[in-house]
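**Q** Following this message is one structure expressed as structure tokens.
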Amino acid sequence: MDKNFFGIALSLVPGIGCVLYKRLIDCFKKAEVVFDASFQELTSIDGIGHEIALAIKSFNQGDLVEDRLLMARKANARVLTLEDEDYPTNLTKINNPPSMLYMKGEIKKDDHFAVAVVGSRTPSGYGELAARSISRDLAAEGITIVSGMARGIDTISHKEALSAGGRTIAVLGSGIDVIYPPENRELFSKICRNGAVVTEFPVSTPPDAVNFPNRNRIISGLSLGVVIVEAGVKSGSLITAKFAVSQGKKVFAVPGQIGAVGSKGTNRLIKEGARLVESADDVMSAILPQYRDYKENRGGVKKDENLSESAKQILTALIEGPLHIDTVATRSRLNINEVSSILLNLELSGLIVQLPGKIFTRN
């Protein structure tokens, strides 16, 4: 039996939404244990009344569960449930994480350091430039860019992250096999190779408008903060910002031209307390406070007596002078993902400096 069978089954029990699903997993740890629990144990959980407990104990839709698993396999997608150790850590911390995700690509531990960049589907030239600059520079610092693969700012953000050699995660408002907009098919494939594409919607679900608010809560949930680049007063990006606030995430907004329709939403966010952002540095300083210290003390040398052995290996490799990240990985005998994470931490600590072209040198 597939290890996700009971997780999917629990998500299909009538009356169990994302909030109750998380509550049950938090209590029983595994979906299979939920089905084995007594009626009394189930009804002792806040929100689980007689009807829902009865629905759990009498669940008999195994064929539907198998169908969901088969469809995922046919789509070459992986299924992640809340009890899966590879389920995104940031998402587990929100109140209503998806009970299950369909995924192509891979979400790594370093993707915890993620920032969402979203905005208008029809941005101005100014909005495009802002999205390109912020996404590119964040990705160059090792920050994973999260967005919705929609036209406009979302597409720009994904592309810039990839161009900078960084990672990006796309969250769909459709099934994992439904690429929307269709012109992003090539981008979809690139994201799968350098990040991940995820959705909570079953295979073959069309990109209906009602799906996108739920999609937006996942975008903010995966991130430490959300950057709204350009948005009108009715933009879906403002929904993402609201989710971010409710989830305790930081909200950033790029200021726009006074009176411009596409700037009304972002300018209002700033009035309501969103952080005004002009560059990636503004974002980095907020989500990683030590980054500001590093920038302000760039000329000084900071010593850290508690470096890991891997970090010491990398510093040793850099003694002879500036090295490209690939060379650092080869000489330190560490994999490229581990090297990237350690380099970011060493840079934030002021021990090394990154030069153009992913070249690193001791500070």
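All residue names refer to the structure tokens as shown: chains lettered A, B, ... in order, residues numbered from 1 in each chain, ligands numbered from 1 in order.
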Each residue of range 46-162 of chain A with at least one atom at most 12 Å from range 193-207 of chain A should appear once, together with its nearest atom pair and the corresponding distance in Å (one decimal); atoms considered: only C-alpha atoms; ordering: chain, then increasing residue number; output as JSON lines.
**A**
```
{"residue": "A:Leu64", "atom": "CA", "partner": "A:Pro202", "partner_atom": "CA", "distance": 11.7}
{"residue": "A:Val65", "atom": "CA", "partner": "A:Pro202", "partner_atom": "CA", "distance": 11.2}
{"residue": "A:Asp67", "atom": "CA", "partner": "A:Val203", "partner_atom": "CA", "distance": 10.3}
{"residue": "A:Arg68", "atom": "CA", "partner": "A:Pro202", "partner_atom": "CA", "distance": 7.3}
{"residue": "A:Leu69", "atom": "CA", "partner": "A:Val203", "partner_atom": "CA", "distance": 9.7}
{"residue": "A:Leu70", "atom": "CA", "partner": "A:Val203", "partner_atom": "CA", "distance": 9.9}
{"residue": "A:Met71", "atom": "CA", "partner": "A:Val203", "partner_atom": "CA", "distance": 6.3}
{"residue": "A:Ala72", "atom": "CA", "partner": "A:Val203", "partner_atom": "CA", "distance": 6.5}
{"residue": "A:Arg73", "atom": "CA", "partner": "A:Val203", "partner_atom": "CA", "distance": 9.9}
{"residue": "A:Lys74", "atom": "CA", "partner": "A:Val203", "partner_atom": "CA", "distance": 9.3}
{"residue": "A:Ala75", "atom": "CA", "partner": "A:Val203", "partner_atom": "CA", "distance": 7.5}
{"residue": "A:Asn76", "atom": "CA", "partner": "A:Val203", "partner_atom": "CA", "distance": 10.6}
{"residue": "A:Ala77", "atom": "CA", "partner": "A:Val203", "partner_atom": "CA", "distance": 9.2}
{"residue": "A:Arg78", "atom": "CA", "partner": "A:Val198", "partner_atom": "CA", "distance": 9.4}
{"residue": "A:Val79", "atom": "CA", "partner": "A:Glu200", "partner_atom": "CA", "distance": 9.5}
{"residue": "A:Leu80", "atom": "CA", "partner": "A:Glu200", "partner_atom": "CA", "distance": 9.6}
{"residue": "A:Thr81", "atom": "CA", "partner": "A:Glu200", "partner_atom": "CA", "distance": 10.1}
{"residue": "A:Leu82", "atom": "CA", "partner": "A:Glu200", "partner_atom": "CA", "distance": 11.8}
{"residue": "A:Tyr87", "atom": "CA", "partner": "A:Val198", "partner_atom": "CA", "distance": 11.0}
{"residue": "A:Pro88", "atom": "CA", "partner": "A:Val198", "partner_atom": "CA", "distance": 10.6}
{"residue": "A:Pro97", "atom": "CA", "partner": "A:Glu200", "partner_atom": "CA", "distance": 9.6}
{"residue": "A:Pro98", "atom": "CA", "partner": "A:Glu200", "partner_atom": "CA", "distance": 6.2}
{"residue": "A:Ser99", "atom": "CA", "partner": "A:Glu200", "partner_atom": "CA", "distance": 7.9}
{"residue": "A:Met100", "atom": "CA", "partner": "A:Glu200", "partner_atom": "CA", "distance": 6.0}
{"residue": "A:Leu101", "atom": "CA", "partner": "A:Glu200", "partner_atom": "CA", "distance": 4.6}
{"residue": "A:Tyr102", "atom": "CA", "partner": "A:Thr199", "partner_atom": "CA", "distance": 5.4}
{"residue": "A:Met103", "atom": "CA", "partner": "A:Val198", "partner_atom": "CA", "distance": 4.5}
{"residue": "A:Lys104", "atom": "CA", "partner": "A:Val197", "partner_atom": "CA", "distance": 5.3}
{"residue": "A:Gly105", "atom": "CA", "partner": "A:Ala196", "partner_atom": "CA", "distance": 4.3}
{"residue": "A:Glu106", "atom": "CA", "partner": "A:Ala196", "partner_atom": "CA", "distance": 5.1}
{"residue": "A:Ile107", "atom": "CA", "partner": "A:Ala196", "partner_atom": "CA", "distance": 6.0}
{"residue": "A:Lys108", "atom": "CA", "partner": "A:Gly195", "partner_atom": "CA", "distance": 8.2}
{"residue": "A:Lys109", "atom": "CA", "partner": "A:Gly195", "partner_atom": "CA", "distance": 11.5}
{"residue": "A:Asp110", "atom": "CA", "partner": "A:Gly195", "partner_atom": "CA", "distance": 10.9}
{"residue": "A:Asp111", "atom": "CA", "partner": "A:Gly195", "partner_atom": "CA", "distance": 8.7}
{"residue": "A:Ala114", "atom": "CA", "partner": "A:Gly195", "partner_atom": "CA", "distance": 11.5}
{"residue": "A:Ala139", "atom": "CA", "partner": "A:Asn194", "partner_atom": "CA", "distance": 11.9}
{"residue": "A:Ile143", "atom": "CA", "partner": "A:Gly195", "partner_atom": "CA", "distance": 11.7}
{"residue": "A:Thr144", "atom": "CA", "partner": "A:Gly195", "partner_atom": "CA", "distance": 8.4}
{"residue": "A:Ile145", "atom": "CA", "partner": "A:Gly195", "partner_atom": "CA", "distance": 9.3}
{"residue": "A:Val146", "atom": "CA", "partner": "A:Ala196", "partner_atom": "CA", "distance": 9.6}
{"residue": "A:Ser147", "atom": "CA", "partner": "A:Val197", "partner_atom": "CA", "distance": 9.9}
{"residue": "A:Gly148", "atom": "CA", "partner": "A:Val197", "partner_atom": "CA", "distance": 9.3}
{"residue": "A:Met149", "atom": "CA", "partner": "A:Val197", "partner_atom": "CA", "distance": 9.2}
{"residue": "A:Ala150", "atom": "CA", "partner": "A:Pro207", "partner_atom": "CA", "distance": 10.8}
{"residue": "A:His158", "atom": "CA", "partner": "A:Gly195", "partner_atom": "CA", "distance": 10.0}
{"residue": "A:Lys159", "atom": "CA", "partner": "A:Asn194", "partner_atom": "CA", "distance": 11.0}
{"residue": "A:Ala161", "atom": "CA", "partner": "A:Asn194", "partner_atom": "CA", "distance": 9.6}
{"residue": "A:Leu162", "atom": "CA", "partner": "A:Asn194", "partner_atom": "CA", "distance": 7.3}
```
**Q** Let me see the file: selected residues, C-alpha atoms, as a PDB file, in the first residue's frame.
**A**
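The resulting out_30.pdb:
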```pdb
ATOM      1  CA  LEU A  64     -11.119   7.051  -4.830  1.00  0.00           C
ATOM      2  CA  VAL A  65      -7.842   7.207  -2.892  1.00  0.00           C
ATOM      3  CA  ASP A  67      -7.549   6.755  -8.210  1.00  0.00           C
ATOM      4  CA  ARG A  68      -5.881   9.917  -6.848  1.00  0.00           C
ATOM      5  CA  LEU A  69      -2.598   8.036  -6.437  1.00  0.00           C
ATOM      6  CA  LEU A  70      -2.815   6.542  -9.929  1.00  0.00           C
ATOM      7  CA  MET A  71      -3.505   9.950 -11.494  1.00  0.00           C
ATOM      8  CA  ALA A  72      -0.492  11.423  -9.698  1.00  0.00           C
ATOM      9  CA  ARG A  73       1.741   8.629 -10.951  1.00  0.00           C
ATOM     10  CA  LYS A  74       0.496   9.109 -14.521  1.00  0.00           C
ATOM     11  CA  ALA A  75       1.320  12.816 -14.213  1.00  0.00           C
ATOM     12  CA  ASN A  76       4.807  11.919 -12.889  1.00  0.00           C
ATOM     13  CA  ALA A  77       4.023  13.910  -9.756  1.00  0.00           C
ATOM     14  CA  ARG A  78       4.883  13.171  -6.176  1.00  0.00           C
ATOM     15  CA  VAL A  79       2.264  13.377  -3.427  1.00  0.00           C
ATOM     16  CA  LEU A  80       3.200  14.983  -0.106  1.00  0.00           C
ATOM     17  CA  THR A  81       0.967  14.897   2.959  1.00  0.00           C
ATOM     18  CA  LEU A  82       1.426  16.768   6.220  1.00  0.00           C
ATOM     19  CA  TYR A  87       6.524  18.503   3.368  1.00  0.00           C
ATOM     20  CA  PRO A  88       7.647  22.186   3.245  1.00  0.00           C
ATOM     21  CA  PRO A  97      -1.754  24.181   5.334  1.00  0.00           C
ATOM     22  CA  PRO A  98      -2.835  22.001   2.405  1.00  0.00           C
ATOM     23  CA  SER A  99      -3.575  18.495   3.636  1.00  0.00           C
ATOM     24  CA  MET A 100      -1.744  17.243   0.562  1.00  0.00           C
ATOM     25  CA  LEU A 101       0.414  18.639  -2.214  1.00  0.00           C
ATOM     26  CA  TYR A 102       1.125  17.379  -5.705  1.00  0.00           C
ATOM     27  CA  MET A 103       4.701  18.232  -6.637  1.00  0.00           C
ATOM     28  CA  LYS A 104       7.093  18.101  -9.557  1.00  0.00           C
ATOM     29  CA  GLY A 105      10.715  18.899  -8.897  1.00  0.00           C
ATOM     30  CA  GLU A 106      12.123  19.058  -5.391  1.00  0.00           C
ATOM     31  CA  ILE A 107      11.737  21.246  -2.318  1.00  0.00           C
ATOM     32  CA  LYS A 108      14.953  21.386  -0.303  1.00  0.00           C
ATOM     33  CA  LYS A 109      15.681  22.427   3.261  1.00  0.00           C
ATOM     34  CA  ASP A 110      17.345  25.630   2.052  1.00  0.00           C
ATOM     35  CA  ASP A 111      14.023  26.610   0.437  1.00  0.00           C
ATOM     36  CA  ALA A 114      12.112  31.900   0.497  1.00  0.00           C
ATOM     37  CA  ALA A 139      18.120  34.732  -5.911  1.00  0.00           C
ATOM     38  CA  ILE A 143      16.917  33.173  -1.470  1.00  0.00           C
ATOM     39  CA  THR A 144      14.333  30.952  -3.164  1.00  0.00           C
ATOM     40  CA  ILE A 145      11.752  32.921  -5.159  1.00  0.00           C
ATOM     41  CA  VAL A 146       8.124  31.814  -4.807  1.00  0.00           C
ATOM     42  CA  SER A 147       5.375  32.953  -7.169  1.00  0.00           C
ATOM     43  CA  GLY A 148       2.272  31.779  -9.013  1.00  0.00           C
ATOM     44  CA  MET A 149       3.569  31.336 -12.595  1.00  0.00           C
ATOM     45  CA  ALA A 150       0.886  33.730 -13.830  1.00  0.00           C
ATOM     46  CA  HIS A 158      10.545  32.979 -11.836  1.00  0.00           C
ATOM     47  CA  LYS A 159      12.654  33.692 -14.914  1.00  0.00           C
ATOM     48  CA  ALA A 161      15.544  33.647 -10.274  1.00  0.00           C
ATOM     49  CA  LEU A 162      16.549  30.980 -12.794  1.00  0.00           C
TER      50      LEU A 162
END
```
**Q** So that I can check the secondary structure, give me every residue of range 25-71 of chain A assigned alpha helix (DSSP H) by backbone DSSP, as JSON, numbers by chain.
**A** {"A": [25, 26, 27, 28, 31, 32, 33, 34, 35, 36, 39, 40, 41, 42, 43, 50, 51, 52, 53, 54, 55, 56, 57, 62, 63, 64, 65, 66, 67, 68, 69, 70, 71]}
**Q** Next, the residues of the selection above should be written as a PDB file, in the first residue's frame with C-alpha atoms.
**A**
```
ATOM      1  CA  ILE A  25      -2.053  15.102  12.482  1.00  0.00           C
ATOM      2  CA  ASP A  26      -0.657  17.323  15.254  1.00  0.00           C
ATOM      3  CA  CYS A  27      -2.427  15.078  17.766  1.00  0.00           C
ATOM      4  CA  PHE A  28      -2.045  11.577  16.292  1.00  0.00           C
ATOM      5  CA  ALA A  31      -3.185   9.576   9.377  1.00  0.00           C
ATOM      6  CA  GLU A  32      -3.288   5.807   9.797  1.00  0.00           C
ATOM      7  CA  VAL A  33      -3.404   6.279  13.577  1.00  0.00           C
ATOM      8  CA  VAL A  34      -6.365   8.652  13.149  1.00  0.00           C
ATOM      9  CA  PHE A  35      -8.377   5.892  11.490  1.00  0.00           C
ATOM     10  CA  ASP A  36      -7.381   3.477  14.256  1.00  0.00           C
ATOM     11  CA  PHE A  39     -14.610   7.211  18.781  1.00  0.00           C
ATOM     12  CA  GLN A  40     -13.928   8.775  22.177  1.00  0.00           C
ATOM     13  CA  GLU A  41     -10.360   9.743  21.221  1.00  0.00           C
ATOM     14  CA  LEU A  42     -11.593  11.400  18.053  1.00  0.00           C
ATOM     15  CA  THR A  43     -14.368  13.428  19.673  1.00  0.00           C
ATOM     16  CA  HIS A  50     -20.096  13.044  16.434  1.00  0.00           C
ATOM     17  CA  GLU A  51     -20.738  13.313  12.673  1.00  0.00           C
ATOM     18  CA  ILE A  52     -17.106  13.798  11.656  1.00  0.00           C
ATOM     19  CA  ALA A  53     -15.893  11.060  14.003  1.00  0.00           C
ATOM     20  CA  LEU A  54     -18.495   8.736  12.484  1.00  0.00           C
ATOM     21  CA  ALA A  55     -17.372   9.729   8.973  1.00  0.00           C
ATOM     22  CA  ILE A  56     -13.779   8.829   9.866  1.00  0.00           C
ATOM     23  CA  LYS A  57     -14.710   5.469  11.362  1.00  0.00           C
ATOM     24  CA  GLY A  62     -10.487   3.391  -0.896  1.00  0.00           C
ATOM     25  CA  ASP A  63     -11.118   3.256  -4.642  1.00  0.00           C
ATOM     26  CA  LEU A  64     -11.119   7.051  -4.830  1.00  0.00           C
ATOM     27  CA  VAL A  65      -7.842   7.207  -2.892  1.00  0.00           C
ATOM     28  CA  GLU A  66      -6.249   4.711  -5.297  1.00  0.00           C
ATOM     29  CA  ASP A  67      -7.549   6.755  -8.210  1.00  0.00           C
ATOM     30  CA  ARG A  68      -5.881   9.917  -6.848  1.00  0.00           C
ATOM     31  CA  LEU A  69      -2.598   8.036  -6.437  1.00  0.00           C
ATOM     32  CA  LEU A  70      -2.815   6.542  -9.929  1.00  0.00           C
ATOM     33  CA  MET A  71      -3.505   9.950 -11.494  1.00  0.00           C
TER      34      MET A  71
END
```
**Q** Can you list, as a list of chain:residue names, every protein, DNA or RNA residue that comes within 8 Å of Ser341 in chain A when you count only C-alpha atoms, leaving out same-chain residues fewer than 3 positions away?
**A**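 The neighbour list is A:Asp110, A:Gly142, A:Asn337, A:Glu338, A:Leu344, A:Asn345.
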**Q** List every residue of range 74-250 of chain A that DSSP, applied to the backbone of this structure, assigns to strand (DSSP E), and report them as a ChimeraX atom specification.
**A** /A:78-81,100-105,114-118,144-147,168-171,195-199,225-228,250
**Q** Identify, on the basis of only C-alpha atoms, every residue whose closest approach to range 260-267 of chain A does not exceed 9 Å; exclude the query and any residue fewer than 4 positions from it along the same chain; express the result as a PyMOL selection string.
**A** chain A and resi 120+122-124+127+228-235+237-238+252-256+271-272+274+276
**Q** Which residue out of A:Leu348, A:Val115, A:Ala317, A:Ile45 has the minimum interatomic distance to Val251 in chain A when only C-alpha atoms are used?
**A**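 When distances to Val251 in chain A are compared using only C-alpha atoms, the smallest one comes from A:Val115.
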